[in-house]
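Engineer: Hey, dropping query35.cif in here, mmCIF, C-alpha atoms (C1' of nucleotides):
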data_entry
loop_
_atom_site.group_PDB
_atom_site.id
_atom_site.type_symbol
_atom_site.label_atom_id
_atom_site.label_comp_id
_atom_site.auth_asym_id
_atom_site.auth_seq_id
_atom_site.Cartn_x
_atom_site.Cartn_y
_atom_site.Cartn_z
ATOM 1 C CA MET Z 1 0.004 -3.359 -2.962
ATOM 2 C CA PRO Z 2 2.277 -0.492 -3.696
ATOM 3 C CA GLU Z 3 4.499 0.657 -0.861
ATOM 4 C CA LEU Z 4 7.128 3.372 -0.959
ATOM 5 C CA PRO Z 5 9.494 1.679 -3.472
ATOM 6 C CA GLU Z 6 6.643 0.839 -5.848
ATOM 7 C CA VAL Z 7 5.111 4.315 -5.675
ATOM 8 C CA GLU Z 8 8.536 5.897 -6.167
ATOM 9 C CA THR Z 9 9.147 3.677 -9.211
ATOM 10 C CA ILE Z 10 5.775 4.681 -10.665
ATOM 11 C CA ARG Z 11 6.598 8.335 -9.975
ATOM 12 C CA ARG Z 12 9.894 8.130 -11.864
ATOM 13 C CA SER Z 13 8.496 6.164 -14.801
ATOM 14 C CA LEU Z 14 5.517 8.503 -15.217
ATOM 15 C CA GLU Z 15 7.279 11.789 -14.718
ATOM 16 C CA GLU Z 16 9.546 11.320 -17.710
ATOM 17 C CA LYS Z 17 6.528 10.553 -19.902
ATOM 18 C CA VAL Z 18 4.017 13.192 -18.841
ATOM 19 C CA LYS Z 19 5.990 16.187 -17.571
ATOM 20 C CA GLY Z 20 5.112 19.199 -19.707
ATOM 21 C CA LYS Z 21 1.994 17.532 -21.140
ATOM 22 C CA THR Z 22 -1.453 19.124 -20.829
ATOM 23 C CA PHE Z 23 -4.731 17.484 -19.772
ATOM 24 C CA THR Z 24 -7.486 17.763 -22.364
ATOM 25 C CA GLY Z 25 -10.280 15.780 -20.724
ATOM 26 C CA VAL Z 26 -11.321 12.900 -18.509
ATOM 27 C CA GLU Z 27 -13.608 9.882 -18.825
ATOM 28 C CA ILE Z 28 -15.141 8.659 -15.578
ATOM 29 C CA PHE Z 29 -16.318 5.050 -15.501
ATOM 30 C CA LEU Z 30 -16.676 4.726 -11.723
ATOM 31 C CA ASP Z 31 -17.686 7.917 -9.944
ATOM 32 C CA LYS Z 32 -16.485 7.174 -6.433
ATOM 33 C CA MET Z 33 -12.847 6.804 -7.496
ATOM 34 C CA LEU Z 34 -12.552 10.522 -8.287
ATOM 35 C CA LYS Z 35 -12.891 13.183 -5.607
ATOM 36 C CA GLY Z 36 -12.854 16.956 -5.769
ATOM 37 C CA LEU Z 37 -13.769 17.377 -9.420
ATOM 38 C CA GLU Z 38 -17.396 18.355 -9.972
ATOM 39 C CA PRO Z 39 -18.671 18.668 -13.558
ATOM 40 C CA GLY Z 40 -18.753 22.440 -12.993
ATOM 41 C CA ASP Z 41 -15.040 22.811 -12.245
ATOM 42 C CA LEU Z 42 -13.791 20.600 -15.045
ATOM 43 C CA ASP Z 43 -12.572 23.572 -17.070
ATOM 44 C CA GLU Z 44 -11.353 25.688 -14.176
ATOM 45 C CA LYS Z 45 -9.563 22.904 -12.316
ATOM 46 C CA PHE Z 46 -8.503 20.432 -14.949
ATOM 47 C CA LYS Z 47 -8.752 21.052 -18.700
ATOM 48 C CA GLY Z 48 -5.769 22.860 -20.177
ATOM 49 C CA LYS Z 49 -3.650 22.377 -17.050
ATOM 50 C CA LYS Z 50 -0.066 21.418 -17.689
ATOM 51 C CA ILE Z 51 1.824 18.837 -15.612
ATOM 52 C CA THR Z 52 4.794 20.564 -13.998
ATOM 53 C CA GLY Z 53 6.133 17.541 -12.112
ATOM 54 C CA ILE Z 54 5.303 14.533 -9.957
ATOM 55 C CA ASP Z 55 6.141 14.255 -6.255
ATOM 56 C CA ARG Z 56 5.719 11.410 -3.786
ATOM 57 C CA ARG Z 57 4.812 11.541 -0.097
ATOM 58 C CA GLY Z 58 4.658 8.148 1.592
ATOM 59 C CA LYS Z 59 2.462 6.060 -0.679
ATOM 60 C CA TYR Z 60 0.804 9.108 -2.246
ATOM 61 C CA LEU Z 61 1.575 10.399 -5.723
ATOM 62 C CA LEU Z 62 1.197 14.157 -6.191
ATOM 63 C CA ILE Z 63 0.871 15.240 -9.810
ATOM 64 C CA ASN Z 64 1.426 18.999 -9.818
ATOM 65 C CA LEU Z 65 -0.470 21.046 -12.373
ATOM 66 C CA THR Z 66 -0.276 24.672 -13.366
ATOM 67 C CA GLY Z 67 -2.699 27.041 -11.650
ATOM 68 C CA GLY Z 68 -2.043 25.592 -8.189
ATOM 69 C CA VAL Z 69 -3.916 22.347 -8.845
ATOM 70 C CA VAL Z 70 -2.730 18.942 -7.621
ATOM 71 C CA MET Z 71 -3.862 15.426 -8.450
ATOM 72 C CA VAL Z 72 -3.413 13.320 -5.326
ATOM 73 C CA ILE Z 73 -3.433 9.600 -6.025
ATOM 74 C CA HIS Z 74 -3.422 6.670 -3.620
ATOM 75 C CA LEU Z 75 -3.293 3.185 -5.155
ATOM 76 C CA ARG Z 76 -4.070 1.236 -1.956
ATOM 77 C CA MET Z 77 -3.971 -2.515 -2.657
ATOM 78 C CA THR Z 78 -4.528 -3.081 -6.361
ATOM 79 C CA GLY Z 79 -4.401 0.351 -8.007
ATOM 80 C CA GLN Z 80 -2.391 0.980 -11.166
ATOM 81 C CA LEU Z 81 -1.612 4.197 -12.996
ATOM 82 C CA LEU Z 82 -0.615 3.580 -16.589
ATOM 83 C CA TYR Z 83 0.558 5.797 -19.422
ATOM 84 C CA CYS Z 84 -1.169 4.272 -22.461
ATOM 85 C CA ALA Z 85 -1.425 4.758 -26.197
ATOM 86 C CA PRO Z 86 -5.003 5.617 -27.218
ATOM 87 C CA ASP Z 87 -5.425 2.374 -29.142
ATOM 88 C CA GLN Z 88 -4.266 0.163 -26.287
ATOM 89 C CA GLU Z 89 -7.084 -2.099 -25.185
ATOM 90 C CA LYS Z 90 -8.840 -0.933 -22.042
ATOM 91 C CA ALA Z 91 -8.034 -3.264 -19.176
ATOM 92 C CA LYS Z 92 -10.789 -4.605 -16.944
ATOM 93 C CA HIS Z 93 -11.363 -2.333 -13.907
ATOM 94 C CA THR Z 94 -10.271 0.804 -15.740
ATOM 95 C CA HIS Z 95 -12.177 3.433 -13.756
ATOM 96 C CA LEU Z 96 -10.675 6.740 -14.923
ATOM 97 C CA VAL Z 97 -9.046 7.767 -18.184
ATOM 98 C CA PHE Z 98 -7.285 11.142 -18.296
ATOM 99 C CA HIS Z 99 -6.562 12.457 -21.772
ATOM 100 C CA LEU Z 100 -3.333 14.267 -22.589
ATOM 101 C CA ASN Z 101 -2.480 16.595 -25.461
ATOM 102 C CA ASP Z 102 -0.029 14.066 -26.953
ATOM 103 C CA MET Z 103 -3.105 11.855 -27.505
ATOM 104 C CA TYR Z 104 -1.810 9.402 -24.899
ATOM 105 C CA GLN Z 105 -3.820 8.642 -21.776
ATOM 106 C CA LEU Z 106 -3.213 8.265 -18.081
ATOM 107 C CA ARG Z 107 -5.401 5.362 -16.941
ATOM 108 C CA PHE Z 108 -6.396 4.549 -13.381
ATOM 109 C CA ILE Z 109 -7.117 0.836 -12.954
ATOM 110 C CA ASP Z 110 -8.114 -0.726 -9.637
ATOM 111 C CA GLN Z 111 -9.592 -4.185 -9.204
ATOM 112 C CA ARG Z 112 -10.622 -3.775 -5.554
ATOM 113 C CA GLN Z 113 -11.703 -0.152 -5.863
ATOM 114 C CA PHE Z 114 -9.912 0.915 -2.673
ATOM 115 C CA GLY Z 115 -7.745 3.512 -4.413
ATOM 116 C CA LYS Z 116 -8.597 7.167 -4.881
ATOM 117 C CA VAL Z 117 -7.783 10.128 -7.089
ATOM 118 C CA HIS Z 118 -8.312 13.643 -5.692
ATOM 119 C CA ILE Z 119 -8.081 16.755 -7.823
ATOM 120 C CA VAL Z 120 -7.685 19.712 -5.477
ATOM 121 C CA SER Z 121 -6.319 23.224 -5.283
ATOM 122 C CA LEU Z 122 -3.225 23.746 -3.142
ATOM 123 C CA LYS Z 123 -5.321 25.200 -0.352
ATOM 124 C CA GLU Z 124 -7.560 22.103 -0.314
ATOM 125 C CA LEU Z 125 -4.582 19.755 0.122
ATOM 126 C CA GLY Z 126 -4.927 19.883 3.897
ATOM 127 C CA SER Z 127 -8.396 18.376 3.703
ATOM 128 C CA ILE Z 128 -6.914 15.019 2.665
ATOM 129 C CA SER Z 129 -6.348 13.729 6.181
ATOM 130 C CA GLY Z 130 -4.184 10.750 5.312
ATOM 131 C CA LEU Z 131 -1.781 13.018 3.477
ATOM 132 C CA LYS Z 132 -1.791 15.753 6.098
ATOM 133 C CA ASN Z 133 -1.031 13.329 8.933
ATOM 134 C CA LEU Z 134 1.786 11.445 7.223
ATOM 135 C CA GLY Z 135 4.883 10.750 9.286
ATOM 136 C CA VAL Z 136 8.524 11.182 8.354
ATOM 137 C CA GLU Z 137 9.904 10.119 4.975
ATOM 138 C CA PRO Z 138 12.192 7.178 5.858
ATOM 139 C CA LEU Z 139 14.701 7.931 3.104
ATOM 140 C CA SER Z 140 14.985 11.631 3.961
ATOM 141 C CA ASP Z 141 17.756 13.215 6.024
ATOM 142 C CA ILE Z 142 15.432 14.104 8.882
ATOM 143 C CA PHE Z 143 14.764 10.423 9.539
ATOM 144 C CA THR Z 144 17.751 9.778 11.792
ATOM 145 C CA ARG Z 145 18.565 7.019 14.270
ATOM 146 C CA GLU Z 146 17.689 9.419 17.064
ATOM 147 C CA HIS Z 147 14.379 10.326 15.457
ATOM 148 C CA PHE Z 148 13.506 6.631 15.215
ATOM 149 C CA LYS Z 149 14.617 5.728 18.756
ATOM 150 C CA LYS Z 150 12.607 8.626 20.149
ATOM 151 C CA GLY Z 151 9.557 7.462 18.217
ATOM 152 C CA LEU Z 152 9.668 4.039 19.887
ATOM 153 C CA ARG Z 153 9.737 5.510 23.377
ATOM 154 C CA ASN Z 154 6.586 4.898 25.466
ATOM 155 C CA ARG Z 155 4.796 3.141 22.657
ATOM 156 C CA ARG Z 156 2.998 0.052 23.998
ATOM 157 C CA ILE Z 157 1.998 -1.072 20.500
ATOM 158 C CA LYS Z 158 3.722 -4.053 18.850
ATOM 159 C CA ILE Z 159 6.489 -3.020 16.479
ATOM 160 C CA LYS Z 160 4.921 -4.554 13.367
ATOM 161 C CA PRO Z 161 1.674 -2.542 13.462
ATOM 162 C CA LEU Z 162 3.691 0.533 14.439
ATOM 163 C CA LEU Z 163 5.826 0.206 11.289
ATOM 164 C CA LEU Z 164 2.597 0.040 9.278
ATOM 165 C CA ASP Z 165 1.255 3.215 10.928
ATOM 166 C CA GLN Z 166 1.643 5.902 8.231
ATOM 167 C CA THR Z 167 1.620 8.699 10.822
ATOM 168 C CA PHE Z 168 4.730 7.126 12.381
ATOM 169 C CA ILE Z 169 6.768 6.522 9.203
ATOM 170 C CA ALA Z 170 5.343 7.170 5.733
ATOM 171 C CA GLY Z 171 5.505 4.506 3.078
ATOM 172 C CA ILE Z 172 6.156 1.160 4.796
ATOM 173 C CA GLY Z 173 3.651 -1.608 4.044
ATOM 174 C CA ASN Z 174 3.350 -5.269 4.940
ATOM 175 C CA ILE Z 175 6.121 -6.611 2.706
ATOM 176 C CA TYR Z 176 8.883 -4.165 3.624
ATOM 177 C CA ALA Z 177 7.882 -4.218 7.312
ATOM 178 C CA ASP Z 178 8.384 -7.993 7.456
ATOM 179 C CA GLU Z 179 11.647 -7.783 5.503
ATOM 180 C CA ALA Z 180 13.046 -5.026 7.728
ATOM 181 C CA LEU Z 181 12.138 -6.859 10.946
ATOM 182 C CA PHE Z 182 13.832 -10.023 9.689
ATOM 183 C CA ARG Z 183 17.048 -8.215 8.781
ATOM 184 C CA ALA Z 184 17.095 -6.475 12.149
ATOM 185 C CA ARG Z 185 16.340 -9.778 13.927
ATOM 186 C CA VAL Z 186 13.407 -8.164 15.753
ATOM 187 C CA ASN Z 187 10.230 -10.124 16.468
ATOM 188 C CA PRO Z 188 7.139 -8.478 14.947
ATOM 189 C CA GLU Z 189 5.293 -8.824 18.268
ATOM 190 C CA GLN Z 190 7.975 -7.047 20.275
ATOM 191 C CA VAL Z 191 6.446 -4.085 22.114
ATOM 192 C CA ALA Z 192 7.989 -0.960 20.563
ATOM 193 C CA ALA Z 193 9.006 0.585 23.886
ATOM 194 C CA ASN Z 194 10.878 -2.607 24.829
ATOM 195 C CA ILE Z 195 13.193 -2.501 21.821
ATOM 196 C CA ASN Z 196 16.679 -1.758 23.073
ATOM 197 C CA ALA Z 197 19.105 0.754 21.596
ATOM 198 C CA ARG Z 198 21.093 -1.798 19.631
ATOM 199 C CA GLU Z 199 17.986 -3.400 18.121
ATOM 200 C CA ALA Z 200 16.576 0.034 17.313
ATOM 201 C CA VAL Z 201 19.670 0.957 15.329
ATOM 202 C CA ARG Z 202 19.550 -2.378 13.499
ATOM 203 C CA LEU Z 203 15.891 -1.837 12.655
ATOM 204 C CA TYR Z 204 16.515 1.749 11.554
ATOM 205 C CA THR Z 205 19.274 0.581 9.212
ATOM 206 C CA ALA Z 206 17.186 -2.343 7.950
ATOM 207 C CA ILE Z 207 14.227 -0.099 7.119
ATOM 208 C CA ARG Z 208 16.415 2.173 4.990
ATOM 209 C CA GLU Z 209 18.134 -0.811 3.336
ATOM 210 C CA VAL Z 210 15.004 -2.712 2.342
ATOM 211 C CA LEU Z 211 13.343 0.423 0.980
ATOM 212 C CA LEU Z 212 16.440 1.507 -0.955
ATOM 213 C CA GLU Z 213 16.911 -1.964 -2.431
ATOM 214 C CA GLY Z 214 13.213 -2.034 -3.273
ATOM 215 C CA VAL Z 215 13.631 1.186 -5.262
ATOM 216 C CA GLU Z 216 16.801 -0.119 -6.955
ATOM 217 C CA ASN Z 217 14.910 -3.268 -7.977
ATOM 218 C CA ARG Z 218 12.020 -1.152 -9.271
ATOM 219 C CA GLY Z 219 9.521 -2.549 -6.774
ATOM 220 C CA THR Z 220 8.079 -5.886 -5.692
ATOM 221 C CA SER Z 221 5.721 -7.470 -8.246
ATOM 222 C CA ILE Z 222 3.930 -10.343 -6.562
ATOM 223 C CA LYS Z 223 0.565 -9.977 -8.190
ATOM 224 C CA ASP Z 224 -0.668 -6.705 -9.647
ATOM 225 C CA TYR Z 225 2.114 -4.207 -9.263
ATOM 226 C CA VAL Z 226 3.593 -2.634 -12.399
ATOM 227 C CA ASP Z 227 5.126 0.804 -12.951
ATOM 228 C CA GLY Z 228 3.727 3.567 -15.150
ATOM 229 C CA ASP Z 229 4.881 1.759 -18.303
ATOM 230 C CA GLY Z 230 3.350 -1.558 -17.240
ATOM 231 C CA THR Z 231 6.775 -3.016 -16.398
ATOM 232 C CA ARG Z 232 7.134 -5.382 -13.448
ATOM 233 C CA GLY Z 233 9.754 -4.964 -10.743
ATOM 234 C CA SER Z 234 12.229 -7.616 -9.613
ATOM 235 C CA ASN Z 235 12.367 -7.170 -5.847
ATOM 236 C CA GLN Z 236 10.081 -10.191 -5.326
ATOM 237 C CA ASN Z 237 13.138 -12.316 -6.204
ATOM 238 C CA TYR Z 238 15.010 -11.051 -3.163
ATOM 239 C CA LEU Z 239 12.401 -11.358 -0.398
ATOM 240 C CA ARG Z 240 13.742 -13.282 2.604
ATOM 241 C CA VAL Z 241 10.570 -13.855 4.657
ATOM 242 C CA TYR Z 242 7.490 -12.350 2.994
ATOM 243 C CA GLY Z 243 5.483 -15.087 1.286
ATOM 244 C CA ARG Z 244 7.936 -17.791 2.390
ATOM 245 C CA GLU Z 245 5.815 -19.502 5.061
ATOM 246 C CA GLY Z 246 7.122 -23.027 5.716
ATOM 247 C CA GLU Z 247 10.277 -22.492 3.656
ATOM 248 C CA PRO Z 248 13.680 -22.597 5.357
ATOM 249 C CA CYS Z 249 15.109 -19.415 6.857
ATOM 250 C CA LEU Z 250 17.981 -18.329 4.605
ATOM 251 C CA LYS Z 251 20.166 -17.928 7.687
ATOM 252 C CA CYS Z 252 19.321 -20.833 9.993
ATOM 253 C CA LYS Z 253 17.044 -23.171 7.956
ATOM 254 C CA THR Z 254 14.216 -22.960 10.511
ATOM 255 C CA ALA Z 255 10.786 -22.894 8.850
ATOM 256 C CA ILE Z 256 9.498 -19.364 8.302
ATOM 257 C CA GLN Z 257 6.296 -18.743 10.224
ATOM 258 C CA ARG Z 258 3.238 -16.756 9.253
ATOM 259 C CA LYS Z 259 1.083 -15.306 11.991
ATOM 260 C CA VAL Z 260 -1.749 -12.777 11.975
ATOM 261 C CA ILE Z 261 -0.780 -9.761 14.080
ATOM 262 C CA SER Z 262 -3.248 -6.881 14.346
ATOM 263 C CA GLY Z 263 -5.185 -8.300 11.450
ATOM 264 C CA ARG Z 264 -2.250 -8.460 9.035
ATOM 265 C CA SER Z 265 -0.128 -11.486 8.213
ATOM 266 C CA ALA Z 266 3.405 -11.292 9.559
ATOM 267 C CA HIS Z 267 6.211 -13.513 8.221
ATOM 268 C CA PHE Z 268 9.237 -14.157 10.399
ATOM 269 C CA CYS Z 269 11.847 -16.667 11.522
ATOM 270 C CA PRO Z 270 10.986 -17.829 15.052
ATOM 271 C CA LYS Z 271 14.642 -18.596 15.770
ATOM 272 C CA CYS Z 272 16.379 -15.521 14.344
ATOM 273 C CA GLN Z 273 13.658 -13.178 15.580
ATOM 274 C CA LYS Z 274 13.123 -14.293 19.177
ATOM 275 C CA LEU Z 275 10.835 -12.280 21.428
ATOM 276 C "C1'" DC Y 1 -4.701 10.332 22.686
ATOM 277 C "C1'" DG Y 2 -3.485 5.238 21.800
ATOM 278 C "C1'" DT Y 3 -5.013 0.974 20.317
ATOM 279 C "C1'" DC Y 4 -8.123 -2.336 18.202
ATOM 280 C "C1'" DG Y 5 -11.541 -4.363 15.147
ATOM 281 C "C1'" DC Y 6 -14.479 -3.683 11.269
ATOM 282 C "C1'" DT Y 7 -15.108 -2.217 6.720
ATOM 283 C "C1'" DC Y 8 -14.795 -0.932 1.766
ATOM 284 C "C1'" DC Y 9 -14.267 -4.445 -3.026
ATOM 285 C "C1'" DT Y 10 -12.997 -8.275 -6.572
ATOM 286 C "C1'" DG Y 11 -11.103 -12.503 -7.683
ATOM 287 C "C1'" DG Y 12 -7.722 -16.354 -7.041
ATOM 288 C "C1'" DA Y 13 -6.822 -20.392 -4.242
ATOM 289 C "C1'" DT Y 14 -8.527 -23.973 -1.510
ATOM 290 C "C1'" DG Y 15 -11.738 -27.344 0.343
ATOM 291 C "C1'" DC Y 16 -15.912 -30.204 0.176
ATOM 292 C "C1'" DT I 1 -17.722 -29.218 -12.088
ATOM 293 C "C1'" DG I 2 -20.021 -26.390 -8.799
ATOM 294 C "C1'" DC I 3 -20.298 -23.884 -4.736
ATOM 295 C "C1'" DA I 4 -18.759 -21.939 -0.261
ATOM 296 C "C1'" DT I 5 -15.124 -20.035 2.293
ATOM 297 C "C1'" DC I 6 -10.907 -17.718 3.107
ATOM 298 C "C1'" DC I 7 -7.426 -14.608 1.901
ATOM 299 C "C1'" DA I 8 -4.900 -10.494 -0.283
ATOM 300 C "C1'" DG I 9 0.384 -5.837 -0.592
ATOM 301 C "C1'" DG I 10 -4.130 -0.279 2.822
ATOM 302 C "C1'" DA I 11 -6.082 2.847 5.735
ATOM 303 C "C1'" DG I 12 -10.348 5.468 7.509
ATOM 304 C "C1'" DC I 13 -13.717 5.056 11.003
ATOM 305 C "C1'" DG I 14 -16.023 4.377 15.338
ATOM 306 C "C1'" DA I 15 -15.613 2.236 19.878
ATOM 307 C "C1'" DC I 16 -13.367 1.892 24.169
#
What does the file become when written as structure tokens?
Structural biologist:
Amino acid sequence: MPELPEVETIRRSLEEKVKGKTFTGVEIFLDKMLKGLEPGDLDEKFKGKKITGIDRRGKYLLINLTGGVVMVIHLRMTGQLLYCAPDQEKAKHTHLVFHLNDMYQLRFIDQRQFGKVHIVSLKELGSISGLKNLGVEPLSDIFTREHFKKGLRNRRIKIKPLLLDQTFIAGIGNIYADEALFRARVNPEQVAANINAREAVRLYTAIREVLLEGVENRGTSIKDYVDGDGTRGSNQNYLRVYGREGEPCLKCKTAIQRKVISGRSAHFCPKCQKL
DNA sequence: CGTCGCTCCTGGATGC
DNA sequence: TGCATCCAGGAGCGAC
């Protein structure tokens, strides 16, 4: 579910609520969702730690605590992280409840149970392989046209699965990949190395645009996604290809196609995005 | 190393 | 209505 714009929206909405607050305890309803916190290190690693800020890397949320402790959270497909009043009814699939000293709670909810919360010391951060191997942040200054063009060189993989590869670029998921490819008029099955300079620049620009607009619209809420306050985003109203199979292309009226590429559904206009 | 297919789950939509 | 099947926004893992 949540891709870069959604995770960034959650980060912003949560940070203003919990920054400066202190954790007082945790309730664990499903063991496997929480990693790195044994009953023995509850006090040392968690209780009494104050939240100093929240960062984002790719689709990971990093909640920084005093004492060099970090909560690393990945929401995968259906995860939610909600700041809740204590009397708010517990939603189905609430697996972890973190208690704060303002009596409010940070709740981790995840229908499909693919998400994960790690509580680690700074020196253990490197043991989270997905985080360690993340690629460039697409909205940062070091992600340049040249950086992107270079990354395509010699890659025999199709461009769509490459965009989804988090070690290539961090934070793009299925929705924004399809939207970026449509705007750049690049076919999702195009082999990365065969993308020419002009197309590469278009795709580079499109990636930044769709992600930035996604953040401005506070994320894409198709099914489960809400921010830290439980508020839905509005970017689903502006999607041009994702979820529009059979509907007319907004540019040429050709029916949008859906095709499984590398195990993921890709949505594209067969006329505007010729191979 | 690069690429691909399978897998972890629940539940909503669809088909018979 | 009941039941089976397919599908979903992600990514780690083993196989080749």
Engineer: Do me a favour and pick out the residues of chain I within 12 Å of chain Z, using only C-alpha atoms (C1' of nucleotides), as a ChimeraX atom specification.
Structural biologist: /I:7-12
Engineer: Just so the selection is clear, what residues does the PyMOL selection byres ((chain Y) within 9 of (chain Z)) cover here, as a ChimeraX atom specification?
Structural biologist: /Y:2-5,8-11
Engineer: Give me, please, the distance in Å between C1' of DT7 (chain Y) and C1' of DC13 (chain I), quoted to one decimal.
Structural biologist: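 For C1' of DT7 (chain Y) relative to C1' of DC13 (chain I), the distance reads 8.6 Å.
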Engineer: One decimal, Å: what's the distance from CA of Leu34 (chain Z) over to CA of Ile10 (chain Z), could you say?
Structural biologist: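 Here the two named atoms are 19.4 Å from each other.
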Engineer: Exactly which residues make up the result of the PyMOL selection byres ((chain Z and resi 243) around 10) on this file, given as a ChimeraX atom specification?
Structural biologist: /Z:175,178,222,236,239-242,244-247,256-258,265-268
Engineer: Could you tell me how far CA of Lys49 (chain Z) sits from CA of Leu131 (chain Z), in Å to one decimal place?
Structural biologist: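 One can read the CA of Leu131 (chain Z) to CA of Lys49 (chain Z) distance as 22.6 Å.
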Engineer: In terms of the shortest atom-to-atom distance over all atoms listed in the file, which of Z:Ile63, Z:Leu152, Z:Val210, Z:Met71 is closest to Ala197 (chain Z)?
Structural biologist: Z:Leu152
Engineer: List the neighbours of DT5 (chain I) out to 12 Å using only C-alpha atoms (C1' of nucleotides); skip same-chain residues closer than 4 positions along the sequence, and give me the result as a list in words.
Structural biologist: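 My list of contacting residues is DA13, DT14, DG15 and DC16 of chain Y.
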